Amino acid sequence: MSNAKNTVLQAAAELFGDKDPSAVDRWVAANYTQHSALAADGPEALRGLVASLGEDFRYEGARVIADGDLVALHGTYHGFGPDPLVAFDIFRVDADGKLAEHWDALTPLVEKTVSGRSQTDGPAEVTRADLTEASRALVTEFARKVLVGADYSVLTDYISTETYHQHNTEAADGLDGFGAAAAAWAEQGKNLVYKKVHRVIAEGEFVLTQSEGEFGPAVAYYDLFRVADGRIVEHWDVIVPVPAELPHGNGLF
């Protein structure tokens, strides 16, 4: 396990598991930069957030991906609001082993999805660390050509025609399921528009992309892909509107 992954898991356990505000002193850099729409900048704002967590708060982790100094968490927050929230969190760990920067996207948990899959279930462990760079290259090119370039004629060069497990709540499994959902969204005035991919985080067969674009309004897209046999075979996502104002000046990305 990478040092960055160890750092984030231990820090998260103390901050959000133990709900210990003093963990900020041990794990958070003095110049901690916040991009979340839910918190102000700096370590003291994080300390206040942790101190405000209620007894019913808990985090249920699903998967962790580490790539250099970036670590992505995928899981569900309970007790952070009236309903459970499915989230992607990205942390940057500095050279001193402290949390230095944070991005996130949270969306309500949906009990009944079109595919029957939950927003977080499915394979969780990295089993093919040797595939990291091949997975990164495949998803990066897919994002460039298909997501940003909107060239759907090459979709099957990247997504398996045999197995495509879908965790988006409104889409069924397979390419046909995705096509039907995209058509329904377009009728609602919500075309999938990707303008820029900001980060690609890869470990083994898992690759997370953080992008901005439009889905009707301006949104942040967090897309997690699983790769097998040279094709994308599974997809999880969180799509959140870009707020008009943030509690800091660092931007959402």
# chains A, B, ... in the order shown; residues from 1 in each chain; ligands from 1
>>> residues_around(residues="Ala172 (chain A)", least_positions_apart="4", cutoff="12 Å", atoms="only C-alpha atoms", output="VMD selection string")
chain A and resid 112 to 118 163 to 168 176 to 182 234 to 235
>>> residues_around(residues="Glu55 (chain A)", least_positions_apart="3", cutoff="10 Å", atoms="only C-alpha atoms", output="list in words")
Lys19, Ser52, Arg58 and Gly79 of chain A
>>> residues_around(residues="Asp83 (chain A)", least_positions_apart="6", cutoff="10 Å", atoms="only C-alpha atoms", output="list in words")
Tyr77, Thr107, Pro108, Leu109 and Val110 of chain A
>>> residues_around(residues="region 204-217 of chain A", least_positions_apart="2", cutoff="8 Å", atoms="only C-alpha atoms", output="ChimeraX atom specification")
/A:65,72,126-133,135-136,139,189-202,219-228,241-242
>>> closest_residue(among="A:Val71, A:Ala37, A:Val28, A:Leu15", to="Ala244 (chain A)", atoms="only C-alpha atoms")
A:Ala37
>>> select_by_dssp(residues="region 40-251 of chain A", states="strand (DSSP E or B)", output="PyMOL selection string")
chain A and resi 58-67+70-78+85-93+99-108+159+165-166+193-203+206-214+218-228+231-241
>>> atom_distance(atom1="CA of Leu85 (chain A)", atom2="CA of Gly54 (chain A)")
15.2 Å
>>> residues_around(residues="Ala30 (chain A)", least_positions_apart="5", cutoff="10 Å", atoms="only C-alpha atoms", output="PDB file with C-alpha atoms, in the first residue's frame")
ATOM      1  CA  VAL A  24      -6.390  17.892  12.081  1.00  0.00           C
ATOM      2  CA  ASP A  25      -3.163  18.730  13.927  1.00  0.00           C
ATOM      3  CA  GLY A  42      -7.935  25.792   5.618  1.00  0.00           C
ATOM      4  CA  PRO A  43      -7.437  23.341   8.490  1.00  0.00           C
ATOM      5  CA  GLU A  44      -9.544  25.268  11.012  1.00  0.00           C
ATOM      6  CA  LYS A  98      -0.024  15.681   5.320  1.00  0.00           C
ATOM      7  CA  LEU A  99      -3.363  16.244   3.581  1.00  0.00           C
ATOM      8  CA  ALA A 100      -2.712  19.326   1.459  1.00  0.00           C
TER       9      ALA A 100
END
>>> closest_residue(among="A:Phe142, A:Phe80, A:Tyr158, A:Tyr32", to="Arg47 (chain A)", atoms="only C-alpha atoms")
A:Tyr32
>>> atom_distance(atom1="CA of Phe57 (chain A)", atom2="CA of Ser22 (chain A)")
17.5 Å
>>> residues_around(residues="Val8 (chain A)", least_positions_apart="4", cutoff="12 Å", atoms="only C-alpha atoms", output="PDB file with C-alpha atoms, in the first residue's frame")
ATOM      1  CA  MET A   1       0.000   0.000   0.000  1.00  0.00           C
ATOM      2  CA  SER A   2       1.376   3.419  -0.930  1.00  0.00           C
ATOM      3  CA  ASN A   3       2.390   5.930   1.726  1.00  0.00           C
ATOM      4  CA  ALA A   4      -0.202   8.380   0.377  1.00  0.00           C
ATOM      5  CA  ALA A  12      -9.998   9.655   7.337  1.00  0.00           C
ATOM      6  CA  ALA A  13     -10.392   7.034  10.068  1.00  0.00           C
ATOM      7  CA  GLU A  14      -9.464   9.535  12.774  1.00  0.00           C
ATOM      8  CA  LEU A  15     -11.296  12.526  11.290  1.00  0.00           C
ATOM      9  CA  PHE A  16     -14.506  10.858  10.121  1.00  0.00           C
ATOM     10  CA  ALA A  23      -6.608  14.688  14.132  1.00  0.00           C
ATOM     11  CA  ARG A  26      -1.647  15.345  13.058  1.00  0.00           C
ATOM     12  CA  TRP A  27      -2.763  14.921   9.479  1.00  0.00           C
ATOM     13  CA  VAL A  28      -3.624  18.250   7.839  1.00  0.00           C
ATOM     14  CA  VAL A  64      -9.685   3.489  -2.631  1.00  0.00           C
ATOM     15  CA  ILE A  65      -7.398   4.371  -5.549  1.00  0.00           C
ATOM     16  CA  ALA A  66      -3.921   5.823  -5.098  1.00  0.00           C
ATOM     17  CA  ASP A  69       0.336  11.965  -4.351  1.00  0.00           C
ATOM     18  CA  LEU A  70      -3.395  11.713  -5.178  1.00  0.00           C
ATOM     19  CA  VAL A  71      -5.782   9.356  -3.379  1.00  0.00           C
ATOM     20  CA  ALA A  72      -9.440   8.924  -4.336  1.00  0.00           C
ATOM     21  CA  LEU A  73     -12.093   7.537  -2.003  1.00  0.00           C
ATOM     22  CA  ASP A  89     -13.256  12.463  -2.432  1.00  0.00           C
ATOM     23  CA  ILE A  90      -9.812  13.253  -3.823  1.00  0.00           C
ATOM     24  CA  PHE A  91      -6.955  14.177  -1.500  1.00  0.00           C
ATOM     25  CA  ARG A  92      -3.469  15.376  -2.393  1.00  0.00           C
ATOM     26  CA  VAL A  93      -0.800  14.366   0.102  1.00  0.00           C
ATOM     27  CA  ASP A  94       2.265  16.605   0.397  1.00  0.00           C
ATOM     28  CA  GLY A  97       2.739  13.173   4.566  1.00  0.00           C
ATOM     29  CA  LYS A  98      -0.024  15.681   5.320  1.00  0.00           C
ATOM     30  CA  LEU A  99      -3.363  16.244   3.581  1.00  0.00           C
ATOM     31  CA  ALA A 100      -2.712  19.326   1.459  1.00  0.00           C
ATOM     32  CA  GLU A 101      -5.692  19.595  -0.898  1.00  0.00           C
ATOM     33  CA  HIS A 102      -9.209  18.181  -1.262  1.00  0.00           C
TER      34      HIS A 102
END
